[in-house]
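Chemist: Here you go, protein.cif (mmCIF, C-alpha atoms):
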```cif
data_run
#
loop_
_atom_site.label_atom_id
_atom_site.label_comp_id
_atom_site.auth_asym_id
_atom_site.auth_seq_id
_atom_site.Cartn_x
_atom_site.Cartn_y
_atom_site.Cartn_z
CA MET L 6 30.11 -87.26 2.33
CA PHE L 7 31.55 -90.75 2.93
CA THR L 8 35.24 -91.14 2.17
CA GLN L 9 36.31 -94.46 0.69
CA PRO L 10 38.73 -96.36 2.97
CA THR L 11 42.33 -97.02 1.98
CA LYS L 12 43.54 -100.42 0.74
CA ARG L 13 45.05 -100.98 4.17
CA ALA L 14 41.67 -100.26 5.79
CA LEU L 15 39.94 -102.58 3.35
CA SER L 16 42.38 -105.35 4.24
CA ALA L 17 41.60 -104.80 7.91
CA GLY L 18 37.91 -104.90 7.05
CA ALA L 19 38.33 -108.22 5.26
CA LEU L 20 40.12 -109.73 8.24
CA ALA L 21 37.46 -108.49 10.65
CA LEU L 22 34.75 -109.79 8.36
CA ALA L 23 36.35 -113.24 8.31
CA GLY L 24 36.58 -113.27 12.08
CA ALA L 25 33.04 -112.07 12.51
CA LEU L 26 31.82 -114.74 10.10
CA ALA L 27 33.54 -117.43 12.14
CA PHE L 28 31.70 -116.11 15.19
CA GLY L 29 28.34 -115.78 13.48
CA VAL L 30 28.22 -119.15 11.75
CA ALA L 31 28.30 -120.79 15.15
CA GLY L 32 24.70 -119.60 15.63
CA CYS L 33 21.98 -121.50 17.33
CA SER L 34 20.66 -124.93 16.47
CA GLY L 35 17.10 -126.04 15.94
CA SER L 36 14.65 -125.81 13.08
CA SER L 37 11.58 -123.89 12.04
CA ASP L 38 9.16 -124.14 9.15
CA SER L 39 9.96 -121.72 6.35
CA GLY L 40 7.56 -121.41 3.47
CA GLY L 41 6.07 -124.80 4.19
CA SER L 42 9.45 -126.63 4.46
CA ASP L 43 11.62 -127.81 7.31
CA GLU L 44 14.44 -125.48 6.28
CA GLN L 45 15.76 -123.46 9.22
CA ILE L 46 15.16 -119.72 9.13
CA LYS L 47 18.42 -117.82 8.63
CA VAL L 48 18.72 -114.24 9.83
CA GLY L 49 21.74 -112.09 8.97
CA LEU L 50 22.97 -109.30 11.22
CA VAL L 51 25.44 -106.64 10.06
CA THR L 52 26.60 -104.14 12.70
CA LYS L 53 28.86 -101.12 12.30
CA THR L 54 31.61 -102.79 14.35
CA ASP L 55 31.83 -105.91 16.50
CA SER L 56 33.49 -104.23 19.51
CA ASN L 57 31.35 -101.22 20.46
CA PRO L 58 29.31 -102.22 23.56
CA PHE L 59 26.11 -100.98 21.91
CA PHE L 60 26.53 -103.38 19.01
CA VAL L 61 27.71 -106.17 21.30
CA LYS L 62 24.43 -105.84 23.22
CA LEU L 63 22.45 -105.65 20.00
CA ARG L 64 24.14 -108.83 18.71
CA GLU L 65 23.64 -110.68 22.01
CA ALA L 66 19.94 -109.78 22.06
CA ALA L 67 19.52 -110.82 18.43
CA GLN L 68 21.20 -114.15 19.18
CA ALA L 69 18.98 -114.78 22.19
CA GLN L 70 15.85 -113.97 20.19
CA ALA L 71 16.96 -116.18 17.30
CA ASP L 72 17.61 -119.03 19.75
CA ALA L 73 14.15 -118.60 21.23
CA SER L 74 12.60 -118.63 17.74
CA GLY L 75 14.52 -121.66 16.48
CA ALA L 76 16.30 -119.52 13.88
CA GLU L 77 19.98 -119.34 12.95
CA LEU L 78 21.72 -115.97 13.35
CA ILE L 79 24.77 -115.15 11.23
CA SER L 80 26.54 -112.07 12.60
CA LEU L 81 28.99 -109.96 10.60
CA ALA L 82 30.39 -106.46 11.12
CA GLY L 83 32.39 -103.66 9.62
CA ALA L 84 36.02 -103.32 10.73
CA PHE L 85 35.52 -99.80 12.06
CA ASP L 86 32.88 -97.09 12.39
CA GLY L 87 32.49 -95.85 8.82
CA ASP L 88 33.53 -99.09 7.07
CA ASN L 89 30.95 -99.09 4.29
CA GLU L 90 32.87 -101.48 2.05
CA GLY L 91 33.06 -104.06 4.83
CA GLN L 92 29.30 -103.92 5.24
CA VAL L 93 28.74 -104.23 1.47
CA ALA L 94 30.86 -107.41 1.51
CA ALA L 95 28.92 -108.68 4.53
CA ILE L 96 25.55 -108.27 2.77
CA GLU L 97 26.83 -110.10 -0.30
CA ASN L 98 28.17 -112.87 1.93
CA LEU L 99 24.85 -113.27 3.74
CA VAL L 100 22.84 -113.40 0.52
CA SER L 101 25.16 -116.13 -0.76
CA GLN L 102 24.50 -118.08 2.46
CA GLY L 103 20.76 -118.03 1.82
CA VAL L 104 19.46 -115.81 4.60
CA GLN L 105 15.82 -114.79 4.34
CA GLY L 106 16.30 -111.50 6.17
CA ILE L 107 19.14 -109.10 6.97
CA LEU L 108 19.26 -106.70 9.91
CA ILE L 109 21.79 -103.89 9.45
CA THR L 110 23.08 -100.84 11.30
CA PRO L 111 24.41 -98.91 8.27
CA ASN L 112 27.80 -97.21 8.52
CA SER L 113 26.83 -95.05 5.55
CA SER L 114 23.12 -94.36 5.21
CA SER L 115 23.46 -93.79 1.46
CA GLY L 116 26.64 -95.67 0.54
CA ILE L 117 25.07 -99.03 1.39
CA LEU L 118 21.99 -98.59 -0.82
CA ASN L 119 23.15 -100.58 -3.87
CA ALA L 120 24.03 -103.60 -1.74
CA ILE L 121 20.67 -103.41 0.04
CA LYS L 122 18.83 -103.17 -3.30
CA SER L 123 20.66 -106.23 -4.60
CA ALA L 124 19.67 -108.19 -1.49
CA ARG L 125 16.03 -107.16 -1.76
CA ASP L 126 16.00 -107.96 -5.48
CA ALA L 127 17.17 -111.45 -4.47
CA GLY L 128 14.10 -111.83 -2.25
CA VAL L 129 15.75 -110.99 1.07
CA ILE L 130 13.93 -108.56 3.38
CA VAL L 131 16.24 -105.92 4.82
CA ILE L 132 15.58 -104.12 8.11
CA ALA L 133 17.64 -101.21 9.42
CA LEU L 134 18.42 -101.19 13.14
CA ASP L 135 19.58 -98.09 15.05
CA THR L 136 20.51 -96.12 11.91
CA ALA L 137 18.03 -95.28 9.17
CA THR L 138 19.00 -95.42 5.52
CA GLU L 139 18.71 -92.37 3.32
CA PRO L 140 16.10 -92.54 1.91
CA GLU L 141 14.37 -94.43 4.70
CA ASP L 142 12.31 -96.57 2.31
CA ALA L 143 15.47 -98.13 0.85
CA VAL L 144 14.83 -100.88 3.43
CA ASP L 145 11.63 -102.73 4.24
CA ALA L 146 11.46 -101.33 7.78
CA THR L 147 13.47 -99.57 10.48
CA PHE L 148 13.60 -100.32 14.22
CA ALA L 149 15.55 -97.57 15.95
CA THR L 150 15.73 -94.78 18.47
CA ASP L 151 14.10 -91.58 17.32
CA ASN L 152 17.52 -89.90 17.22
CA LEU L 153 16.10 -86.46 16.51
CA ALA L 154 14.07 -86.73 19.73
CA ALA L 155 17.12 -88.01 21.62
CA GLY L 156 19.12 -85.03 20.41
CA VAL L 157 16.32 -82.67 21.43
CA SER L 158 16.34 -84.12 24.95
CA GLN L 159 20.09 -83.63 25.22
CA GLY L 160 19.87 -80.05 23.95
CA GLU L 161 16.98 -79.11 26.22
CA TRP L 162 18.78 -80.43 29.30
CA VAL L 163 22.08 -78.69 28.48
CA LYS L 164 20.28 -75.40 27.78
CA ALA L 165 18.19 -75.58 30.97
CA THR L 166 21.22 -76.49 33.10
CA LEU L 167 23.25 -73.63 31.63
CA GLY L 168 20.47 -71.25 32.67
CA ASP L 169 20.94 -67.58 31.88
CA THR L 170 24.64 -67.90 31.08
CA ALA L 171 25.44 -66.84 27.51
CA PRO L 172 26.16 -70.10 25.67
CA GLN L 173 29.41 -71.02 23.96
CA ILE L 174 28.66 -74.38 22.36
CA VAL L 175 31.06 -77.02 21.11
CA MET L 176 29.74 -80.00 19.12
CA LEU L 177 31.59 -83.31 18.97
CA ASP L 178 29.93 -85.15 16.10
CA GLY L 179 30.33 -88.75 14.97
CA THR L 180 30.90 -89.93 11.39
CA PRO L 181 29.68 -87.92 8.38
CA GLY L 182 27.17 -89.74 6.18
CA GLY L 183 25.09 -91.41 8.90
CA THR L 184 21.53 -90.43 9.73
CA VAL L 185 22.17 -90.99 13.45
CA ASP L 186 24.79 -88.23 13.40
CA THR L 187 22.59 -85.86 11.45
CA PHE L 188 19.47 -86.41 13.54
CA ARG L 189 21.21 -86.14 16.93
CA HIS L 190 23.13 -83.04 15.84
CA ASP L 191 20.02 -81.33 14.47
CA GLY L 192 17.97 -82.43 17.46
CA PHE L 193 20.45 -80.93 19.91
CA LEU L 194 20.34 -77.60 18.12
CA GLN L 195 16.55 -77.71 18.09
CA GLY L 196 16.39 -78.57 21.79
CA PHE L 197 18.94 -75.89 22.68
CA GLY L 198 17.13 -73.33 20.55
CA VAL L 199 19.87 -72.30 18.13
CA GLU L 200 20.29 -72.77 14.39
CA GLU L 201 23.12 -74.30 12.41
CA GLY L 202 25.91 -71.75 11.97
CA ALA L 203 24.79 -69.62 14.92
CA ALA L 204 27.42 -67.46 16.62
CA GLU L 205 26.86 -69.41 19.84
CA ILE L 206 28.52 -72.45 18.23
CA VAL L 207 32.23 -71.86 18.80
CA GLY L 208 33.63 -75.20 17.67
CA GLN L 209 32.76 -78.46 15.94
CA GLU L 210 34.73 -81.64 15.13
CA ASN L 211 34.03 -85.18 13.92
CA THR L 212 35.16 -87.91 16.32
CA ASN L 213 33.78 -91.17 14.81
CA GLY L 214 32.34 -91.68 18.29
CA ASP L 215 35.82 -92.65 19.48
CA GLN L 216 37.03 -91.67 22.95
CA THR L 217 40.66 -91.01 21.99
CA LYS L 218 39.72 -88.97 18.92
CA ALA L 219 37.22 -87.00 20.98
CA GLN L 220 39.84 -86.17 23.61
CA THR L 221 42.25 -84.92 20.96
CA ALA L 222 39.51 -82.94 19.24
CA MET L 223 38.44 -81.33 22.52
CA GLU L 224 42.02 -80.45 23.43
CA ASN L 225 42.37 -78.67 20.10
CA LEU L 226 39.01 -76.94 20.42
CA LEU L 227 39.81 -75.67 23.92
CA GLN L 228 42.83 -73.86 22.54
CA ARG L 229 40.57 -71.98 20.11
CA ALA L 230 37.51 -71.66 22.35
CA PRO L 231 38.58 -71.68 26.03
CA GLY L 232 35.25 -70.15 27.05
CA VAL L 233 33.15 -73.15 25.98
CA ASN L 234 30.42 -73.92 28.51
CA ALA L 235 28.01 -76.23 26.64
CA LEU L 236 29.07 -79.49 25.01
CA TYR L 237 27.13 -81.76 22.65
CA THR L 238 28.55 -85.25 22.18
CA ILE L 239 27.44 -87.88 19.67
CA ASN L 240 27.86 -90.69 22.22
CA GLU L 241 29.25 -91.53 25.66
CA PRO L 242 32.79 -92.52 24.57
CA ALA L 243 33.09 -89.11 22.92
CA ALA L 244 31.80 -87.49 26.12
CA ALA L 245 34.34 -89.40 28.23
CA GLY L 246 37.19 -88.36 25.96
CA ALA L 247 36.07 -84.74 25.99
CA TYR L 248 35.86 -84.80 29.78
CA GLU L 249 39.53 -85.85 30.02
CA ALA L 250 40.52 -82.85 27.92
CA ILE L 251 38.29 -80.53 29.95
CA LYS L 252 39.67 -81.91 33.21
CA GLY L 253 43.21 -81.46 31.94
CA ALA L 254 42.41 -77.80 31.25
CA GLY L 255 40.89 -77.35 34.72
CA LEU L 256 37.45 -76.47 33.31
CA THR L 257 35.18 -79.20 34.71
CA ASP L 258 33.08 -76.65 36.61
CA GLN L 259 32.65 -74.54 33.47
CA VAL L 260 31.35 -77.02 30.87
CA VAL L 261 27.91 -78.70 30.88
CA ILE L 262 28.20 -82.05 29.05
CA GLY L 263 25.32 -83.94 27.45
CA SER L 264 25.36 -87.22 25.54
CA VAL L 265 23.36 -90.14 24.11
CA ASP L 266 23.70 -93.92 24.58
CA GLY L 267 22.66 -95.36 27.94
CA SER L 268 25.48 -97.85 28.40
CA CYS L 269 26.25 -99.00 31.93
CA THR L 270 29.61 -97.21 31.69
CA GLY L 271 27.86 -94.05 30.53
CA VAL L 272 25.31 -94.19 33.35
CA GLU L 273 28.16 -94.66 35.83
CA ASN L 274 29.86 -91.61 34.32
CA VAL L 275 26.68 -89.61 34.87
CA LYS L 276 26.61 -90.81 38.47
CA ASN L 277 30.25 -89.76 38.92
CA GLY L 278 29.81 -86.34 37.31
CA VAL L 279 31.81 -87.05 34.15
CA ILE L 280 28.67 -86.54 32.02
CA GLY L 281 25.87 -84.30 33.18
CA ALA L 282 23.11 -86.24 31.44
CA THR L 283 22.73 -88.92 28.81
CA VAL L 284 19.80 -90.15 26.73
CA MET L 285 19.39 -93.91 27.04
CA GLN L 286 18.65 -96.08 24.02
CA PHE L 287 17.37 -99.66 24.05
CA PRO L 288 19.38 -101.75 21.55
CA ALA L 289 17.95 -105.05 22.79
CA LYS L 290 14.47 -103.93 21.69
CA MET L 291 15.76 -103.12 18.20
CA ALA L 292 17.37 -106.54 17.83
CA GLU L 293 14.47 -108.52 19.30
CA GLN L 294 11.87 -106.78 17.18
CA GLY L 295 14.05 -107.11 14.07
CA VAL L 296 14.54 -110.86 14.49
CA ASP L 297 10.84 -111.33 15.24
CA ALA L 298 9.93 -109.43 12.07
CA VAL L 299 12.10 -111.67 9.88
CA VAL L 300 10.78 -114.85 11.49
CA LYS L 301 7.17 -113.72 11.12
CA TYR L 302 7.74 -112.81 7.48
CA VAL L 303 9.16 -116.25 6.70
CA GLN L 304 6.45 -118.06 8.63
CA ASP L 305 3.31 -116.28 7.42
CA GLY L 306 4.35 -113.65 4.86
CA THR L 307 3.69 -110.63 7.10
CA LYS L 308 6.10 -107.99 5.85
CA PRO L 309 7.33 -105.24 8.21
CA SER L 310 7.22 -101.63 7.05
CA GLY L 311 7.89 -98.08 8.15
CA PHE L 312 9.72 -96.71 11.19
CA THR L 313 9.30 -98.11 14.70
CA ASP L 314 10.64 -95.97 17.55
CA THR L 315 12.21 -98.24 20.18
CA GLY L 316 12.26 -95.41 22.73
CA SER L 317 14.72 -93.25 24.65
CA GLN L 318 14.99 -91.87 28.20
CA LEU L 319 16.89 -88.90 29.65
CA ILE L 320 19.14 -90.04 32.54
CA THR L 321 20.53 -87.50 35.03
CA ASP L 322 20.94 -86.90 38.75
CA THR L 323 20.39 -83.17 38.24
CA PRO L 324 16.86 -82.97 36.82
CA VAL L 325 15.36 -79.77 35.50
CA ASP L 326 11.74 -78.61 35.63
CA GLY L 327 9.65 -79.57 32.63
CA LEU L 328 11.88 -82.41 31.37
CA ASP L 329 11.04 -86.04 32.03
CA SER L 330 14.12 -87.81 33.39
CA LYS L 331 15.19 -90.82 35.43
CA ASP L 332 18.07 -90.93 37.91
CA THR L 333 21.17 -93.11 37.67
CA SER L 334 19.70 -95.76 39.96
CA TRP L 335 16.99 -96.37 37.35
CA GLY L 336 19.63 -96.06 34.65
CA ALA L 337 21.81 -98.74 36.24
CA GLU L 338 18.85 -101.13 36.28
CA ASN L 339 18.07 -100.56 32.59
CA CYS L 340 21.47 -99.90 31.00
CA TRP L 341 23.29 -102.12 28.53
CA GLY L 342 26.92 -103.13 27.99
#
```
Before anything else, please render the file you have as structure tokens.

Modeler:
Amino acid sequence: MFTQPTKRALSAGALALAGALAFGVAGCSGSSDSGGSDEQIKVGLVTKTDSNPFFVKLREAAQAQADASGAELISLAGAFDGDNEGQVAAIENLVSQGVQGILITPNSSSGILNAIKSARDAGVIVIALDTATEPEDAVDATFATDNLAAGVSQGEWVKATLGDTAPQIVMLDGTPGGTVDTFRHDGFLQGFGVEEGAAEIVGQENTNGDQTKAQTAMENLLQRAPGVNALYTINEPAAAGAYEAIKGAGLTDQVVIGSVDGSCTGVENVKNGVIGATVMQFPAKMAEQGVDAVVKYVQDGTKPSGFTDTGSQLITDTPVDGLDSKDTSWGAENCWG
């Protein structure tokens, strides 16, 4: 369940929102027909944060696509991963600025629903990027990684690499309330072949996808479960933080680490043995397709719908039989961030 942020956190969210607005309003110039007029198409983008490399890449790709389409992009963001109230304020802000479409990576897949409904009731199409809403049809369409499939790939690789060794699994999750977290978590268990609550799972903590929090969580978990040999991580920063804790405990040869993201830093960490394998996502595709969908809707009334999988790819230098993977050379050519 999503926990409401403190007043202090809300103040930080307001400041970040103001800063992000200053950045976003400086969008591209140009004009495009909208509904038979010369009014420029306005596209709003609301990301979870404005600092995570994934969302930086997504924003850059959206800006480039808006520029190419003669549209204006207005980019806003939450103050931190989990800042639902900041994203609610961002949606309200964008509607007041007259955007025709909003692209959003929801911090809370259910907590944002009222704000999305208000925007759609005002005639704005809303498209989820990266993170589906709950329910999924609360938005007009979703362009995202199939995160269940990405989790399955991670779980299958960790299981196959562990071989016949009896598993002791630790799971470093992200932020409760997001469909990304749920799908990746469930996918990993499915790919590994264990069920929620199984005895093989010896530890589990939420990290908000933050490297420092993940390191602290892993340090604490290692005290309770020093025999851990299989590690699920929600993303590559969490994997990097966990690795520091594992290295500090002298257990790098014991623990098989899997992750999801596909950032250039993450691919480099796979190459250097920090992460055993990661599942690459393609944020630029999400942003480009989302902007195109809004522009097309404004220009000819074609409304996007349903879920579009923007793809994922297992990246590792230690492939296993039966799993499609690419090495880190391919990963470095296709990474983001």

Chemist: Can you work out the spacing between CA of Asp72 (chain L) and CA of Glu338 (chain L) in Å, to one decimal?

Modeler: 24.4 Å

Chemist: Could you build a table of the residues in region 225-314 of chain L lying no more than 10 Å from region 156-177 of chain L, giving for each the nearest pair of atoms and their separation in Å rounded to one decimal place, using all atoms listed in the file, ordered by chain and ascending residue number, as CSV?

Modeler:
```
residue,atom,partner,partner_atom,distance
L:Leu226,CA,L:Val175,CA,8.0
L:Leu227,CA,L:Val175,CA,9.3
L:Ala230,CA,L:Gln173,CA,8.3
L:Pro231,CA,L:Gln173,CA,9.4
L:Gly232,CA,L:Gln173,CA,6.7
L:Val233,CA,L:Gln173,CA,4.8
L:Asn234,CA,L:Gln173,CA,5.5
L:Ala235,CA,L:Ile174,CA,4.7
L:Leu236,CA,L:Val175,CA,5.0
L:Tyr237,CA,L:Met176,CA,4.7
L:Thr238,CA,L:Leu177,CA,4.8
L:Ile239,CA,L:Leu177,CA,6.2
L:Asn240,CA,L:Leu177,CA,8.9
L:Ala243,CA,L:Leu177,CA,7.2
L:Ala244,CA,L:Leu177,CA,8.3
L:Ala247,CA,L:Leu177,CA,8.4
L:Gln259,CA,L:Leu167,CA,9.6
L:Val260,CA,L:Leu167,CA,8.8
L:Val261,CA,L:Val163,CA,6.3
L:Ile262,CA,L:Val163,CA,7.0
L:Gly263,CA,L:Gln159,CA,5.7
L:Ser264,CA,L:Gln159,CA,6.4
L:Val265,CA,L:Gln159,CA,7.4
L:Gly281,CA,L:Val163,CA,8.2
L:Ala282,CA,L:Gln159,CA,7.4
L:Thr283,CA,L:Gln159,CA,6.9
L:Val284,CA,L:Gln159,CA,6.7
```

Chemist: Please evaluate the PyMOL selection byres ((chain L and resi 331) around 6) against the displayed coordinates and give the resulting residues as an NGL selection string.

Modeler: :L and (320 or 330 or 332)

Chemist: To one decimal place in Å, what is the distance between CA of Leu134 (chain L) and CA of Asp186 (chain L)?

Modeler: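 Separation of CA of Leu134 (chain L) and CA of Asp186 (chain L): 14.4 Å.
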
Chemist: To test your reading of the syntax: which residues would the PyMOL selection byres ((chain L and resi 301) around 12) return for the file shown? Reply as a PyMOL selection string.

Modeler: chain L and resi 37-40+46+48+71+74+76+105-106+130+294-300+302-309

Chemist: Would you pick out the contacts of Gly336 (chain L) at 12 Å or less, using all atoms listed in the file, so that residues sharing its chain but fewer than 6 positions from it are not included, and give the list as a PyMOL selection string?

Modeler: chain L and resi 266-276+282-287+317-322+330

Chemist: Counting all atoms listed in the file, find the residues whose atoms lie at most 10 Å from (19.1, -107.6, 22.1) (file coordinates) and write them out as a ChimeraX atom specification.

Modeler: /L:59-70,287-296,341

Chemist: Just need the box for region 114-132 of chain L, edges along x, y and z, holding every atom the file lists for it with 8 Å tacked onto each side, so centre and edge lengths in Å to one decimal, as JSON.

Modeler:
```
{"center_x": 20.3, "center_y": -102.8, "center_z": 1.3, "size_x": 28.7, "size_y": 34.0, "size_z": 29.6}
```

Chemist: Mind pulling up the distance from CA of Asp326 (chain L) to CA of Gln195 (chain L)?

Modeler: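 Atom-to-atom, CA of Gln195 (chain L) to CA of Asp326 (chain L), that is 18.2 Å.
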
Chemist: Smallest atom-to-atom distance to Thr52 (chain L): which of L:Ile79, L:Ile121, L:Pro111, L:Asn89, using all atoms listed in the file?

Modeler: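 Checking each candidate against Thr52 (chain L), we get L:Pro111 as the closest.
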
Chemist: Kindly indicate which residue among L:Ser56, L:Phe312, L:Leu81, L:Ser334 lies nearest to Ala149 (chain L), using only C-alpha atoms for the distances.

Modeler: L:Phe312

Chemist: So which residues are close to (37.7, -88.7, 31.7), meaning at most 10 Å away in the file's coordinates with only C-alpha atoms counted, and can you show them as a PyMOL selection string?

Modeler: chain L and resi 216+220+242-253+274+278-280

Chemist: Would you put the residues from that selection into a file with C-alpha atoms, as a short mmCIF file (atom, residue, chain, number, x, y, z; two decimals), keeping the file's coordinate frame?

Modeler:
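Writing done, so here's out38.cif:
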```
data_model
loop_
_atom_site.label_atom_id
_atom_site.label_comp_id
_atom_site.auth_asym_id
_atom_site.auth_seq_id
_atom_site.Cartn_x
_atom_site.Cartn_y
_atom_site.Cartn_z
CA GLN L 216 37.03 -91.67 22.95
CA GLN L 220 39.84 -86.17 23.61
CA PRO L 242 32.79 -92.52 24.57
CA ALA L 243 33.09 -89.11 22.92
CA ALA L 244 31.80 -87.49 26.12
CA ALA L 245 34.34 -89.40 28.23
CA GLY L 246 37.19 -88.36 25.96
CA ALA L 247 36.07 -84.74 25.99
CA TYR L 248 35.86 -84.80 29.78
CA GLU L 249 39.53 -85.85 30.02
CA ALA L 250 40.52 -82.85 27.92
CA ILE L 251 38.29 -80.53 29.95
CA LYS L 252 39.67 -81.91 33.21
CA GLY L 253 43.21 -81.46 31.94
CA ASN L 274 29.86 -91.61 34.32
CA GLY L 278 29.81 -86.34 37.31
CA VAL L 279 31.81 -87.05 34.15
CA ILE L 280 28.67 -86.54 32.02
#
```
